[in-house]
file query_20.csv (CSV, C-alpha atoms and all ligand atoms)
chain,number,residue,atom,x,y,z
A,159,MET,CA,3.1,-91.4,102.8
A,160,ILE,CA,0.8,-89.3,100.8
A,161,LYS,CA,2.4,-90.6,97.6
A,162,ASN,CA,1.0,-94.0,98.4
A,163,GLU,CA,-2.4,-92.9,99.7
A,164,PHE,CA,-5.7,-93.1,98.0
A,165,TYR,CA,-9.3,-91.9,98.3
A,166,THR,CA,-12.0,-94.3,97.4
A,167,LEU,CA,-14.6,-92.9,94.9
A,168,ARG,CA,-18.3,-93.5,95.4
A,169,GLY,CA,-18.1,-96.1,92.6
A,170,GLY,CA,-15.5,-98.1,94.5
A,171,ASN,CA,-12.4,-97.2,92.5
A,172,LYS,CA,-9.3,-95.9,94.2
A,173,ILE,CA,-7.7,-92.5,93.3
A,174,ASN,CA,-4.3,-91.2,94.3
A,175,LYS,CA,-4.7,-88.4,96.9
A,176,VAL,CA,-2.6,-85.9,94.9
A,177,GLY,CA,-2.4,-85.4,91.1
A,178,LEU,CA,-0.2,-83.3,88.8
A,179,GLY,CA,-2.1,-80.5,87.1
A,180,THR,CA,-1.1,-79.7,83.6
A,181,TRP,CA,-3.3,-76.7,82.7
A,182,GLN,CA,-1.4,-74.1,80.7
A,183,SER,CA,1.5,-76.6,80.0
A,184,SER,CA,2.5,-77.0,76.3
A,185,ASN,CA,3.0,-80.5,74.9
A,186,GLU,CA,6.7,-80.2,75.6
A,187,ASP,CA,6.3,-78.9,79.1
A,188,ALA,CA,3.6,-81.5,79.8
A,189,TYR,CA,6.1,-84.2,78.7
A,190,THR,CA,8.9,-83.0,80.9
A,191,SER,CA,6.7,-82.2,83.9
A,192,VAL,CA,4.9,-85.6,83.8
A,193,LYS,CA,8.2,-87.3,83.4
A,194,SER,CA,9.6,-85.5,86.5
A,195,ALA,CA,6.5,-86.2,88.4
A,196,LEU,CA,6.5,-89.9,87.7
A,197,GLU,CA,10.2,-90.0,88.7
A,198,VAL,CA,9.4,-88.6,92.2
A,199,GLY,CA,6.4,-90.8,92.8
A,200,TYR,CA,3.3,-89.1,91.4
A,201,ARG,CA,1.0,-91.6,89.7
A,202,HIS,CA,-2.0,-89.4,89.1
A,203,ILE,CA,-2.0,-87.0,86.1
A,204,ASP,CA,-4.7,-84.6,85.3
A,205,THR,CA,-5.1,-83.2,81.8
A,206,ALA,CA,-7.9,-82.2,79.4
A,207,PHE,CA,-8.6,-82.2,75.7
A,208,ALA,CA,-8.7,-78.4,75.9
A,209,TYR,CA,-5.2,-78.2,77.3
A,210,GLU,CA,-3.9,-79.4,74.0
A,211,ASN,CA,-1.2,-81.5,75.7
A,212,GLU,CA,-2.6,-85.0,75.8
A,213,GLU,CA,0.1,-86.2,73.4
A,214,GLY,CA,2.9,-84.9,75.6
A,215,VAL,CA,1.3,-86.5,78.7
A,216,GLY,CA,0.8,-89.8,76.8
A,217,LYS,CA,4.3,-89.9,75.6
A,218,ALA,CA,5.7,-89.3,79.1
A,219,LEU,CA,3.4,-92.1,80.5
A,220,LYS,CA,4.6,-94.5,77.8
A,221,ASP,CA,8.3,-93.6,78.2
A,222,SER,CA,8.2,-94.1,81.9
A,223,GLY,CA,7.6,-97.8,81.5
A,224,ILE,CA,5.4,-97.8,84.5
A,225,ASP,CA,2.7,-100.4,84.6
A,226,ARG,CA,-0.6,-99.0,83.3
A,227,LYS,CA,-2.4,-100.4,86.4
A,228,GLU,CA,-0.2,-98.2,88.6
A,229,LEU,CA,-1.1,-95.0,86.7
A,230,TYR,CA,-4.1,-92.8,87.2
A,231,VAL,CA,-5.1,-90.7,84.3
A,232,CYS,CA,-7.9,-88.1,84.1
A,233,THR,CA,-8.9,-86.1,81.1
A,234,LYS,CA,-11.9,-84.0,80.2
A,235,LEU,CA,-14.6,-83.6,77.6
A,236,PRO,CA,-14.4,-80.2,75.9
A,237,SER,CA,-16.9,-77.8,77.4
A,238,HIS,CA,-18.7,-77.2,74.1
A,239,ILE,CA,-19.5,-80.8,73.4
A,240,LYS,CA,-23.0,-81.5,74.6
A,241,ASP,CA,-24.3,-84.5,72.7
A,242,VAL,CA,-23.9,-88.3,72.8
A,243,GLU,CA,-22.0,-88.8,69.6
A,244,GLY,CA,-19.6,-85.9,70.2
A,245,THR,CA,-18.9,-87.2,73.7
A,246,LYS,CA,-18.1,-90.7,72.4
A,247,LYS,CA,-16.0,-89.3,69.6
A,248,HIS,CA,-14.0,-87.0,71.9
A,249,CYS,CA,-13.4,-89.8,74.4
A,250,GLU,CA,-11.9,-91.9,71.6
A,251,MET,CA,-9.8,-88.9,70.4
A,252,SER,CA,-8.4,-88.4,74.0
A,253,LEU,CA,-7.7,-92.1,74.4
A,254,LYS,CA,-5.8,-92.1,71.1
A,255,SER,CA,-3.8,-88.9,72.0
A,256,LEU,CA,-2.9,-90.3,75.4
A,257,GLY,CA,-2.0,-93.7,73.9
A,258,LEU,CA,-4.3,-95.5,76.3
A,259,ASP,CA,-7.1,-98.0,76.0
A,260,TYR,CA,-9.1,-96.8,79.0
A,261,LEU,CA,-9.3,-93.6,81.1
A,262,ASP,CA,-9.3,-93.8,84.9
A,263,LEU,CA,-11.5,-90.7,85.1
A,264,TYR,CA,-13.4,-88.7,82.5
A,265,LEU,CA,-15.0,-85.4,83.4
A,266,ILE,CA,-17.4,-83.0,81.7
A,267,HIS,CA,-15.1,-80.0,81.7
A,268,ALA,CA,-17.7,-77.3,82.4
A,269,PRO,CA,-21.5,-77.0,82.4
A,270,TRP,CA,-21.3,-74.5,79.5
A,271,PRO,CA,-18.9,-73.7,76.7
A,272,TRP,CA,-16.0,-71.5,77.9
A,273,SER,CA,-17.0,-69.1,75.1
A,274,ASP,CA,-20.4,-68.8,76.6
A,275,VAL,CA,-20.1,-69.1,80.4
A,276,GLY,CA,-23.5,-69.3,82.2
A,277,THR,CA,-25.6,-70.4,79.2
A,278,ASP,CA,-28.3,-73.0,79.9
A,279,CYS,CA,-27.0,-76.3,78.6
A,280,ARG,CA,-29.1,-78.5,80.9
A,281,GLU,CA,-30.3,-80.8,78.1
A,282,GLY,CA,-26.9,-81.0,76.5
A,283,ASN,CA,-25.2,-81.9,79.8
A,284,ILE,CA,-27.7,-84.8,80.2
A,285,GLU,CA,-26.8,-86.1,76.8
A,286,ALA,CA,-23.1,-85.9,77.5
A,287,TRP,CA,-23.7,-87.6,80.9
A,288,LYS,CA,-25.7,-90.4,79.3
A,289,ALA,CA,-22.8,-91.0,76.9
A,290,MET,CA,-20.3,-91.1,79.7
A,291,ILE,CA,-22.5,-93.6,81.6
A,292,GLU,CA,-22.4,-95.8,78.5
A,293,LEU,CA,-18.7,-95.4,78.0
A,294,LYS,CA,-18.2,-96.5,81.7
A,295,LYS,CA,-20.3,-99.6,81.1
A,296,GLN,CA,-18.2,-100.4,78.1
A,297,GLY,CA,-15.0,-100.2,80.2
A,298,LYS,CA,-13.5,-97.3,78.3
A,299,ILE,CA,-13.7,-95.2,81.5
A,300,LYS,CA,-13.4,-96.4,85.0
A,301,SER,CA,-15.0,-93.4,86.8
A,302,ILE,CA,-17.0,-90.4,85.6
A,303,GLY,CA,-17.5,-87.0,87.0
A,304,VAL,CA,-17.8,-83.3,86.3
A,305,SER,CA,-15.9,-80.1,86.7
A,306,ASN,CA,-17.0,-76.5,87.5
A,307,PHE,CA,-20.5,-77.8,88.1
A,308,SER,CA,-22.8,-76.0,90.6
A,309,ILE,CA,-25.3,-77.8,92.8
A,310,ASP,CA,-28.1,-77.2,90.3
A,311,ASP,CA,-26.0,-78.5,87.4
A,312,ILE,CA,-25.3,-81.7,89.4
A,313,GLU,CA,-28.9,-82.1,90.5
A,314,ASN,CA,-29.9,-81.8,86.8
A,315,LEU,CA,-27.8,-84.9,85.9
A,316,ILE,CA,-29.0,-86.9,88.9
A,317,THR,CA,-32.7,-86.2,88.3
A,318,ALA,CA,-32.4,-87.2,84.6
A,319,THR,CA,-30.3,-90.3,85.0
A,320,GLY,CA,-30.1,-91.4,88.6
A,321,GLU,CA,-26.3,-91.5,88.2
A,322,ILE,CA,-24.4,-89.4,90.7
A,323,PRO,CA,-21.0,-88.0,89.5
A,324,GLU,CA,-18.1,-89.5,91.4
A,325,VAL,CA,-16.0,-86.3,91.2
A,326,ASN,CA,-16.5,-82.5,90.9
A,327,GLN,CA,-13.3,-80.8,90.0
A,328,ILE,CA,-13.5,-77.1,91.1
A,329,ARG,CA,-11.3,-74.1,91.8
A,330,PHE,CA,-10.6,-74.6,95.5
A,331,PHE,CA,-7.8,-73.1,97.7
A,332,VAL,CA,-7.3,-71.3,101.0
A,333,GLY,CA,-9.8,-68.5,101.0
A,334,ASN,CA,-11.9,-69.9,98.2
A,335,THR,CA,-13.6,-73.0,99.4
A,336,GLN,CA,-17.1,-72.7,97.9
A,337,GLU,CA,-18.6,-73.9,101.2
A,338,LYS,CA,-22.2,-74.6,100.0
A,339,LEU,CA,-21.0,-76.6,97.1
A,340,PHE,CA,-18.4,-78.3,99.3
A,341,GLU,CA,-21.0,-79.4,101.8
A,342,TYR,CA,-23.4,-80.5,99.1
A,343,CYS,CA,-20.7,-82.7,97.4
A,344,LYS,CA,-19.8,-84.1,100.8
A,345,SER,CA,-23.4,-85.1,101.5
A,346,LYS,CA,-23.6,-87.0,98.1
A,347,ASN,CA,-20.1,-88.6,98.5
A,348,ILE,CA,-18.8,-86.7,95.5
A,349,LEU,CA,-15.1,-86.2,95.8
A,350,ILE,CA,-13.9,-82.6,95.3
A,351,GLU,CA,-10.8,-82.3,93.3
A,352,ALA,CA,-9.1,-78.9,93.9
A,353,TYR,CA,-7.7,-77.3,90.8
A,354,SER,CA,-5.5,-74.2,91.3
A,355,PRO,CA,-4.8,-75.2,94.9
A,356,MET,CA,-2.4,-72.2,95.1
A,357,ALA,CA,-4.8,-69.8,93.2
A,358,THR,CA,-2.4,-70.3,90.2
A,359,GLY,CA,0.3,-69.0,92.5
A,360,ALA,CA,-1.4,-65.8,93.5
A,361,VAL,CA,-2.0,-66.8,97.2
A,362,LEU,CA,1.7,-67.8,97.8
A,363,GLY,CA,2.9,-64.3,98.4
A,364,ARG,CA,0.5,-63.7,101.3
A,365,SER,CA,2.2,-63.1,104.6
A,366,GLU,CA,-0.3,-65.2,106.5
A,367,ILE,CA,0.7,-68.2,104.5
A,368,SER,CA,4.4,-67.5,104.8
A,369,VAL,CA,4.2,-67.3,108.5
A,370,LEU,CA,2.6,-70.7,108.7
A,371,ALA,CA,5.1,-72.1,106.2
A,372,GLU,CA,7.9,-71.0,108.5
A,373,LYS,CA,6.3,-72.5,111.5
A,374,TYR,CA,6.0,-75.9,109.9
A,375,GLY,CA,9.3,-75.7,108.1
A,376,VAL,CA,7.7,-76.1,104.7
A,377,SER,CA,7.0,-73.9,101.7
A,378,PRO,CA,3.9,-71.7,101.2
A,379,ALA,CA,2.9,-74.0,98.4
A,380,GLN,CA,3.1,-77.0,100.7
A,381,ILE,CA,0.8,-75.3,103.2
A,382,CYS,CA,-1.7,-74.6,100.5
A,383,ILE,CA,-1.7,-78.1,99.1
A,384,ARG,CA,-1.7,-79.8,102.5
A,385,TYR,CA,-4.7,-77.5,103.5
A,386,CYS,CA,-6.7,-79.0,100.5
A,387,LEU,CA,-5.9,-82.5,101.7
A,388,GLN,CA,-6.9,-81.8,105.3
A,389,ARG,CA,-10.2,-80.5,104.0
A,390,GLY,CA,-10.7,-83.9,102.3
A,391,THR,CA,-10.3,-82.7,98.8
A,392,LEU,CA,-7.8,-83.9,96.2
A,393,PRO,CA,-5.3,-81.2,95.2
A,394,LEU,CA,-4.0,-81.0,91.6
A,395,PRO,CA,-1.0,-78.6,91.9
A,396,LYS,CA,0.4,-77.6,88.6
A,397,SER,CA,4.1,-77.0,88.0
A,398,VAL,CA,6.6,-77.4,85.2
A,399,ASN,CA,9.6,-77.1,87.5
A,400,ALA,CA,11.2,-80.4,88.6
A,401,ASP,CA,12.1,-79.1,92.1
A,402,ARG,CA,8.6,-77.6,92.7
A,403,ILE,CA,6.9,-80.8,91.4
A,404,LYS,CA,8.9,-82.8,93.9
A,405,GLN,CA,8.2,-80.4,96.7
A,406,ASN,CA,4.4,-80.3,95.9
A,407,ILE,CA,3.9,-84.0,96.8
A,408,GLU,CA,6.1,-83.9,100.0
A,409,LEU,CA,3.1,-83.4,102.3
A,410,ASP,CA,3.7,-85.7,105.2
A,411,PHE,CA,3.1,-83.1,107.9
A,412,VAL,CA,0.0,-82.1,109.8
A,413,ILE,CA,-1.5,-78.6,110.1
A,414,SER,CA,-3.0,-78.2,113.6
A,415,ASP,CA,-6.7,-77.8,114.1
A,416,GLY,CA,-6.1,-74.2,115.2
A,417,ASP,CA,-4.1,-73.4,112.1
A,418,MET,CA,-6.7,-75.1,109.9
A,419,ALA,CA,-9.4,-72.8,111.6
A,420,TYR,CA,-7.2,-69.8,110.9
A,421,LEU,CA,-6.8,-70.9,107.2
A,422,ASN,CA,-10.6,-71.5,107.0
A,423,ALA,CA,-11.1,-67.9,108.0
A,424,PHE,CA,-8.6,-66.6,105.5
A,425,ASP,CA,-9.9,-63.8,103.4
A,426,GLY,CA,-9.3,-64.8,99.8
A,427,SER,CA,-11.7,-62.4,98.3
A,428,GLU,CA,-9.1,-60.7,96.2
A,429,PHE,CA,-8.4,-64.0,94.5
A,430,LYS,CA,-12.0,-65.2,94.2
A,431,LYS,CA,-13.5,-65.9,90.8
A,432,PRO,CA,-15.5,-69.0,90.3
A,433,TYR,CA,-13.6,-70.3,87.3
A,434,ARG,CA,-10.1,-70.0,85.9
A,435,SER,CA,-10.9,-68.9,82.4
B,501,LIG,P1,5.7,-73.3,87.8
B,501,LIG,O1,4.9,-74.1,86.8
B,501,LIG,O2,6.7,-72.4,87.1
B,501,LIG,O3,6.2,-74.1,88.9
B,501,LIG,P2,-1.9,-73.8,90.7
B,501,LIG,O4,-1.6,-75.2,90.9
B,501,LIG,O5,-2.7,-73.2,91.9
B,501,LIG,O6,-2.6,-73.5,89.4
B,501,LIG,O7,-0.6,-72.9,90.7
B,501,LIG,C1,0.3,-73.1,89.6
B,501,LIG,C2,1.3,-71.9,89.6
B,501,LIG,O8,2.1,-71.9,90.8
B,501,LIG,C3,2.3,-72.0,88.5
B,501,LIG,O9,2.5,-70.6,88.1
B,501,LIG,C4,3.5,-72.6,89.1
B,501,LIG,O10,4.7,-72.2,88.4
B,501,LIG,C5,3.5,-72.1,90.5
B,501,LIG,N1,4.0,-73.1,91.5
B,501,LIG,C6,3.7,-74.4,91.5
B,501,LIG,N2,4.3,-75.0,92.5
B,501,LIG,C7,5.0,-74.1,93.2
B,501,LIG,C8,5.9,-74.1,94.3
B,501,LIG,N3,6.1,-75.2,95.0
B,501,LIG,N4,6.4,-72.9,94.7
B,501,LIG,C9,6.1,-71.7,94.0
B,501,LIG,N5,5.4,-71.7,92.9
B,501,LIG,C10,4.8,-72.8,92.5
call {"tool": "encode", "arguments": {"input": "query_20.csv", "output": "structure tokens"}}
result
Amino acid sequence: MIKNEFYTLRGGNKINKVGLGTWQSSNEDAYTSVKSALEVGYRHIDTAFAYENEEGVGKALKDSGIDRKELYVCTKLPSHIKDVEGTKKHCEMSLKSLGLDYLDLYLIHAPWPWSDVGTDCREGNIEAWKAMIELKKQGKIKSIGVSNFSIDDIENLITATGEIPEVNQIRFFVGNTQEKLFEYCKSKNILIEAYSPMATGAVLGRSEISVLAEKYGVSPAQICIRYCLQRGTLPLPKSVNADRIKQNIELDFVISDGDMAYLNAFDGSEFKKPYRS
């Protein structure tokens, strides 16, 4: 069952194949959605300092009573922090908010501050990356990666440090698969995590998706999430609704090769924007 399946990251650690996304969830919503998710078998939770809900996530993890070793927690360095000391400080702050003594995965949230998308932060990214490598050596983080990084942004880190990110978390869904970046990450054995696997809900209303949902006897959301899995990416569906949270990890069906080809050709141009901000 998908609930019990893992990818293996290039560094050797295992990561649950589906995670709960918590972007745009308040602390209260994060608490209830993480609680619901853990009850129905999720073990992987994705948050970020910038979501301002790490306390809610942490409280739900603690209240669940589930063994820490069974949980998989990812959070992210704020996009404007681009120096060694700031990175270490924010890692400590996230650990404290989450009530944890290590993170399973820590990501640089974006190659530039959200307030200044596209600015050149090459030097700053290298500094943050060096700090993350050190934090990993210290055992505070098990695996390290990036989010919203382009091929150039990743190459910049590799050239400077020799350390290849284990994960790149990007906006990935039917019709928006960023093929060049996808192929590059595959060639480097960098796992792609798919955020907004339903285009924040926008793609769910498309008739092409509904037709397939009917054919497989599942919901449009399940088609979208299963599609990400069959592309070898790790979907992070977000929901604050207990029924939808449950449904979003019930993914033990197979989309045929023909239907995958149909979905690969899906025109998602109306939903395309490289980032979610
Ligand atoms: P809600 O949180 O009220 O369930 P994405 O993961 O692509 O960012 O999409 C998240 C959006 O899709 C949210 O608005 C969420 O609303 C909605 N959503 C999540 N799961 C489902 C589902 N199974 N069916 C319909 N809408 C869903």
call {"tool": "residues_near_ligand", "arguments": {"input": "query_20.csv", "ligand": "ligand LIG 501 (chain B)", "cutoff": "10 Å", "atoms": "only C-alpha atoms and all ligand atoms", "output": "JSON, numbers by chain"}}
result
{"A": [178, 179, 180, 181, 182, 183, 187, 191, 329, 330, 331, 352, 353, 354, 355, 356, 357, 358, 359, 360, 361, 362, 363, 376, 377, 378, 379, 380, 381, 382, 383, 393, 394, 395, 396, 397, 398, 399, 400, 401, 402, 403, 404, 405, 406, 407, 434]}
call {"tool": "write_last_selection", "arguments": {"input": "query_20.csv", "atoms": "C-alpha atoms", "output": "tab-separated table (two decimals), in the coordinates of the input"}}
result
chain	number	residue	atom	x	y	z
A	178	LEU	CA	-0.20	-83.30	88.80
A	179	GLY	CA	-2.10	-80.50	87.10
A	180	THR	CA	-1.10	-79.70	83.60
A	181	TRP	CA	-3.30	-76.70	82.70
A	182	GLN	CA	-1.40	-74.10	80.70
A	183	SER	CA	1.50	-76.60	80.00
A	187	ASP	CA	6.30	-78.90	79.10
A	191	SER	CA	6.70	-82.20	83.90
A	329	ARG	CA	-11.30	-74.10	91.80
A	330	PHE	CA	-10.60	-74.60	95.50
A	331	PHE	CA	-7.80	-73.10	97.70
A	352	ALA	CA	-9.10	-78.90	93.90
A	353	TYR	CA	-7.70	-77.30	90.80
A	354	SER	CA	-5.50	-74.20	91.30
A	355	PRO	CA	-4.80	-75.20	94.90
A	356	MET	CA	-2.40	-72.20	95.10
A	357	ALA	CA	-4.80	-69.80	93.20
A	358	THR	CA	-2.40	-70.30	90.20
A	359	GLY	CA	0.30	-69.00	92.50
A	360	ALA	CA	-1.40	-65.80	93.50
A	361	VAL	CA	-2.00	-66.80	97.20
A	362	LEU	CA	1.70	-67.80	97.80
A	363	GLY	CA	2.90	-64.30	98.40
A	376	VAL	CA	7.70	-76.10	104.70
A	377	SER	CA	7.00	-73.90	101.70
A	378	PRO	CA	3.90	-71.70	101.20
A	379	ALA	CA	2.90	-74.00	98.40
A	380	GLN	CA	3.10	-77.00	100.70
A	381	ILE	CA	0.80	-75.30	103.20
A	382	CYS	CA	-1.70	-74.60	100.50
A	383	ILE	CA	-1.70	-78.10	99.10
A	393	PRO	CA	-5.30	-81.20	95.20
A	394	LEU	CA	-4.00	-81.00	91.60
A	395	PRO	CA	-1.00	-78.60	91.90
A	396	LYS	CA	0.40	-77.60	88.60
A	397	SER	CA	4.10	-77.00	88.00
A	398	VAL	CA	6.60	-77.40	85.20
A	399	ASN	CA	9.60	-77.10	87.50
A	400	ALA	CA	11.20	-80.40	88.60
A	401	ASP	CA	12.10	-79.10	92.10
A	402	ARG	CA	8.60	-77.60	92.70
A	403	ILE	CA	6.90	-80.80	91.40
A	404	LYS	CA	8.90	-82.80	93.90
A	405	GLN	CA	8.20	-80.40	96.70
A	406	ASN	CA	4.40	-80.30	95.90
A	407	ILE	CA	3.90	-84.00	96.80
A	434	ARG	CA	-10.10	-70.00	85.90
call {"tool": "atom_distance", "arguments": {"input": "query_20.csv", "atom1": "CA of Trp270 in chain A", "atom2": "CA of Asn283 in chain A"}}
result
8.4 Å
call {"tool": "residues_around", "arguments": {"input": "query_20.csv", "residues": "range 409-416 of chain A", "least_positions_apart": "2", "cutoff": "7 Å", "atoms": "all atoms listed in the file", "output": "ChimeraX atom specification"}}
result
/A:159-160,380,384,407,418-420
call {"tool": "write_last_selection", "arguments": {"input": "query_20.csv", "atoms": "C-alpha atoms", "output": "short mmCIF file (atom, residue, chain, number, x, y, z; two decimals), keeping the file's coordinate frame"}}
result
data_model
loop_
_atom_site.label_atom_id
_atom_site.label_comp_id
_atom_site.auth_asym_id
_atom_site.auth_seq_id
_atom_site.Cartn_x
_atom_site.Cartn_y
_atom_site.Cartn_z
CA MET A 159 3.10 -91.40 102.80
CA ILE A 160 0.80 -89.30 100.80
CA GLN A 380 3.10 -77.00 100.70
CA ARG A 384 -1.70 -79.80 102.50
CA ILE A 407 3.90 -84.00 96.80
CA MET A 418 -6.70 -75.10 109.90
CA ALA A 419 -9.40 -72.80 111.60
CA TYR A 420 -7.20 -69.80 110.90
#
call {"tool": "closest_residue", "arguments": {"input": "query_20.csv", "among": "A:Arg168, A:Lys240, A:Lys344, A:Lys161", "to": "Arg201 in chain A", "atoms": "all atoms listed in the file"}}
result
A:Lys161
call {"tool": "closest_residue", "arguments": {"input": "query_20.csv", "among": "A:Asn306, A:Thr335, A:Ser368, A:Asn211", "to": "Ile266 in chain A", "atoms": "only C-alpha atoms"}}
result
A:Asn306
call {"tool": "atom_distance", "arguments": {"input": "query_20.csv", "atom1": "CA of Val332 in chain A", "atom2": "CA of Ala188 in chain A"}}
result
25.9 Å
call {"tool": "closest_residue", "arguments": {"input": "query_20.csv", "among": "A:Tyr200, A:Tyr165, A:Phe429, A:Tyr209", "to": "Leu229 in chain A", "atoms": "only C-alpha atoms"}}
result
A:Tyr200
call {"tool": "closest_residue", "arguments": {"input": "query_20.csv", "among": "A:Asp204, A:Glu210, A:Asp221, A:Asp241", "to": "Leu261 in chain A", "atoms": "all atoms listed in the file"}}
result
A:Asp204
call {"tool": "atom_distance", "arguments": {"input": "query_20.csv", "atom1": "CA of Gly216 in chain A", "atom2": "CA of Ile291 in chain A"}}
result
24.1 Å
call {"tool": "residues_near_point", "arguments": {"input": "query_20.csv", "point": "(-4.5, -99.5, 79.7)", "cutoff": "12 Å", "atoms": "only C-alpha atoms", "output": "MDAnalysis selection string"}}
result
chainID A and resid 216 219:220 224:231 253:254 256:262 297:300
call {"tool": "build_atoms", "arguments": {"input": "query_20.csv", "residues": "range 288-295 of chain A", "atoms": "all heavy atoms", "output": "PDB file, in the coordinates of the input"}}
result
ATOM      1  N   LYS A 288     -25.216 -89.086  79.714  1.00  0.00           N
ATOM      2  CA  LYS A 288     -25.700 -90.400  79.300  1.00  0.00           C
ATOM      3  C   LYS A 288     -24.603 -91.155  78.524  1.00  0.00           C
ATOM      4  O   LYS A 288     -24.395 -92.363  78.692  1.00  0.00           O
ATOM      5  CB  LYS A 288     -26.946 -90.281  78.424  1.00  0.00           C
ATOM      6  CG  LYS A 288     -28.207 -89.985  79.226  1.00  0.00           C
ATOM      7  CD  LYS A 288     -29.396 -89.897  78.288  1.00  0.00           C
ATOM      8  CE  LYS A 288     -30.678 -89.598  79.047  1.00  0.00           C
ATOM      9  NZ  LYS A 288     -31.741 -89.093  78.154  1.00  0.00           N
ATOM     10  N   ALA A 289     -23.904 -90.406  77.663  1.00  0.00           N
ATOM     11  CA  ALA A 289     -22.800 -91.000  76.900  1.00  0.00           C
ATOM     12  C   ALA A 289     -21.713 -91.500  77.795  1.00  0.00           C
ATOM     13  O   ALA A 289     -21.143 -92.588  77.610  1.00  0.00           O
ATOM     14  CB  ALA A 289     -22.288 -90.041  75.854  1.00  0.00           C
ATOM     15  N   MET A 290     -21.422 -90.715  78.810  1.00  0.00           N
ATOM     16  CA  MET A 290     -20.300 -91.100  79.700  1.00  0.00           C
ATOM     17  C   MET A 290     -20.722 -92.339  80.530  1.00  0.00           C
ATOM     18  O   MET A 290     -19.879 -93.216  80.786  1.00  0.00           O
ATOM     19  CB  MET A 290     -19.963 -89.915  80.617  1.00  0.00           C
ATOM     20  CG  MET A 290     -19.201 -88.884  79.779  1.00  0.00           C
ATOM     21  SD  MET A 290     -18.809 -87.341  80.558  1.00  0.00           S
ATOM     22  CE  MET A 290     -17.691 -87.799  81.808  1.00  0.00           C
ATOM     23  N   ILE A 291     -21.986 -92.418  80.903  1.00  0.00           N
ATOM     24  CA  ILE A 291     -22.500 -93.600  81.600  1.00  0.00           C
ATOM     25  C   ILE A 291     -22.257 -94.856  80.748  1.00  0.00           C
ATOM     26  O   ILE A 291     -21.795 -95.910  81.202  1.00  0.00           O
ATOM     27  CB  ILE A 291     -23.942 -93.445  82.034  1.00  0.00           C
ATOM     28  CG1 ILE A 291     -24.085 -92.314  83.060  1.00  0.00           C
ATOM     29  CG2 ILE A 291     -24.535 -94.753  82.567  1.00  0.00           C
ATOM     30  CD1 ILE A 291     -25.520 -91.854  83.326  1.00  0.00           C
ATOM     31  N   GLU A 292     -22.571 -94.697  79.469  1.00  0.00           N
ATOM     32  CA  GLU A 292     -22.400 -95.800  78.500  1.00  0.00           C
ATOM     33  C   GLU A 292     -20.944 -96.190  78.358  1.00  0.00           C
ATOM     34  O   GLU A 292     -20.586 -97.368  78.365  1.00  0.00           O
ATOM     35  CB  GLU A 292     -23.030 -95.411  77.192  1.00  0.00           C
ATOM     36  CG  GLU A 292     -23.504 -96.587  76.377  1.00  0.00           C
ATOM     37  CD  GLU A 292     -24.070 -96.106  75.046  1.00  0.00           C
ATOM     38  OE1 GLU A 292     -24.885 -95.148  75.058  1.00  0.00           O
ATOM     39  OE2 GLU A 292     -23.673 -96.669  74.008  1.00  0.00           O
ATOM     40  N   LEU A 293     -20.105 -95.175  78.224  1.00  0.00           N
ATOM     41  CA  LEU A 293     -18.700 -95.400  78.000  1.00  0.00           C
ATOM     42  C   LEU A 293     -18.096 -96.146  79.276  1.00  0.00           C
ATOM     43  O   LEU A 293     -17.219 -96.999  79.157  1.00  0.00           O
ATOM     44  CB  LEU A 293     -17.918 -94.104  77.819  1.00  0.00           C
ATOM     45  CG  LEU A 293     -18.174 -93.449  76.453  1.00  0.00           C
ATOM     46  CD1 LEU A 293     -17.748 -91.980  76.464  1.00  0.00           C
ATOM     47  CD2 LEU A 293     -17.421 -94.199  75.345  1.00  0.00           C
ATOM     48  N   LYS A 294     -18.632 -95.804  80.416  1.00  0.00           N
ATOM     49  CA  LYS A 294     -18.200 -96.500  81.700  1.00  0.00           C
ATOM     50  C   LYS A 294     -18.606 -97.947  81.621  1.00  0.00           C
ATOM     51  O   LYS A 294     -17.811 -98.837  81.940  1.00  0.00           O
ATOM     52  CB  LYS A 294     -18.771 -95.757  82.867  1.00  0.00           C
ATOM     53  CG  LYS A 294     -18.288 -96.305  84.192  1.00  0.00           C
ATOM     54  CD  LYS A 294     -18.831 -95.508  85.363  1.00  0.00           C
ATOM     55  CE  LYS A 294     -18.655 -96.262  86.661  1.00  0.00           C
ATOM     56  NZ  LYS A 294     -19.248 -95.595  87.806  1.00  0.00           N
ATOM     57  N   LYS A 295     -19.841 -98.185  81.202  1.00  0.00           N
ATOM     58  CA  LYS A 295     -20.300 -99.600  81.100  1.00  0.00           C
ATOM     59  C   LYS A 295     -19.467-100.398  80.149  1.00  0.00           C
ATOM     60  O   LYS A 295     -19.218-101.578  80.365  1.00  0.00           O
ATOM     61  CB  LYS A 295     -21.773 -99.601  80.644  1.00  0.00           C
ATOM     62  CG  LYS A 295     -22.754 -99.288  81.756  1.00  0.00           C
ATOM     63  CD  LYS A 295     -24.181 -99.662  81.371  1.00  0.00           C
ATOM     64  CE  LYS A 295     -25.137 -99.165  82.435  1.00  0.00           C
ATOM     65  NZ  LYS A 295     -26.202 -98.302  81.905  1.00  0.00           N
TER      66      LYS A 295
END
